[in-house]
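Please read the structure below before turning to the comments.
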Amino acid sequence: MPDKLKRWFMGADTWISLISDLQTQEAIDRRSTLEHFLQEAMDGTAQLFVSTATIVEVVRTESIGLPPAQVPLEIRQKITDLFEEPYITLVPLEPARAADARELRWIHPWLRTMDAIELASALYAKVDVMYTYDGSGSRRGLISLSGLVGTPPMTITVPKYTGGRQAPLIT
């Protein structure tokens, strides 16, 4: 076991990518990468944090080609079970987190509400890295705040896995 457990926050978009069954190369690559992060958490070398608001946000499955009402029951159950895993730590959206998110929106008015909630949750959890795809393209997003928020400044980046084995967990 390492001296210090890695602490990672996974944004809602990473979870949506994980549960996606899209077969584009980008979707397949994202799932493979994210499965590595889950495996490390399952192995006890990392702790995954997620905002409780993400439990609702993952229903935004239109981005993976399916409206929420059409999500099959077995997929709904997988999503429900995923957030009850012992290796995932939920950060509650308490009034203090909501106030922190509001402050972040006042400082960075371009931030969307869910992004501000996730960022406030990641800062509260004092994670080493926040993983998201938000801002990895041409649109300004959370990644643009990497190194600019938190004490010490938090890294916000696209998930990239550089070691370990592949362990398919979501099928």
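FYI, nothing fancy with the structure tokens labels: chains A, B, ... in order, residues from 1 per chain, ligands from 1 as they appear.
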
To test your reading of the structure, identify every residue in stretch 10-163 of chain A that backbone DSSP assigns to strand (DSSP E), and report it as a VMD selection string. chain A and resid 10 46 to 51 88 to 91 129 to 131 155 to 157

With only C-alpha atoms as the counted atoms, please give the residues lying no more than 7 Å from stretch 85-99 of chain A, apart from itself and same-chain residues fewer than 5 positions off, as a PyMOL selection string. chain A and resi 41-42+47-53+117+120-121

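Relative to atom CA of A:Thr45, atom CA of A:Lys4 is found at 8.5 Å.
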
Residues flagged alpha helix (DSSP H) by DSSP in stretch 31-130 of chain A, as a ChimeraX atom specification: /A:31-43,54-57,73-82,95-107,113-125

For the atom pair atom CA of A:Pro159 and atom CA of A:Tyr131, what is the interatomic distance in Å to one decimal place?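 Atom-to-atom, atom CA of A:Pro159 to atom CA of A:Tyr131, that is 5.4 Å.
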
Near-A:Pro152 list (12 Å; only C-alpha atoms; drop same-chain fewer than 5 positions) as a PyMOL selection string: chain A and resi 123+126-129+146-147

From atom CA of A:Val158 to atom CA of A:Gly135 the spacing works out at 8.9 Å

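Counting only C-alpha atoms, the residue from A:Leu34, A:Ile143, A:Leu73, A:Met154 that sits nearest to A:Leu111 is A:Ile143.
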
Between A:Leu148, A:Ala116, A:Ile55, A:Ala101, which is the closest to A:Asp134 once you count only C-alpha atoms? A:Ala116

Shortest contact to A:Leu38, candidates A:Trp8, A:Leu145, A:Tyr133, A:Asp100, atoms counted only C-alpha atoms, goes to A:Trp8
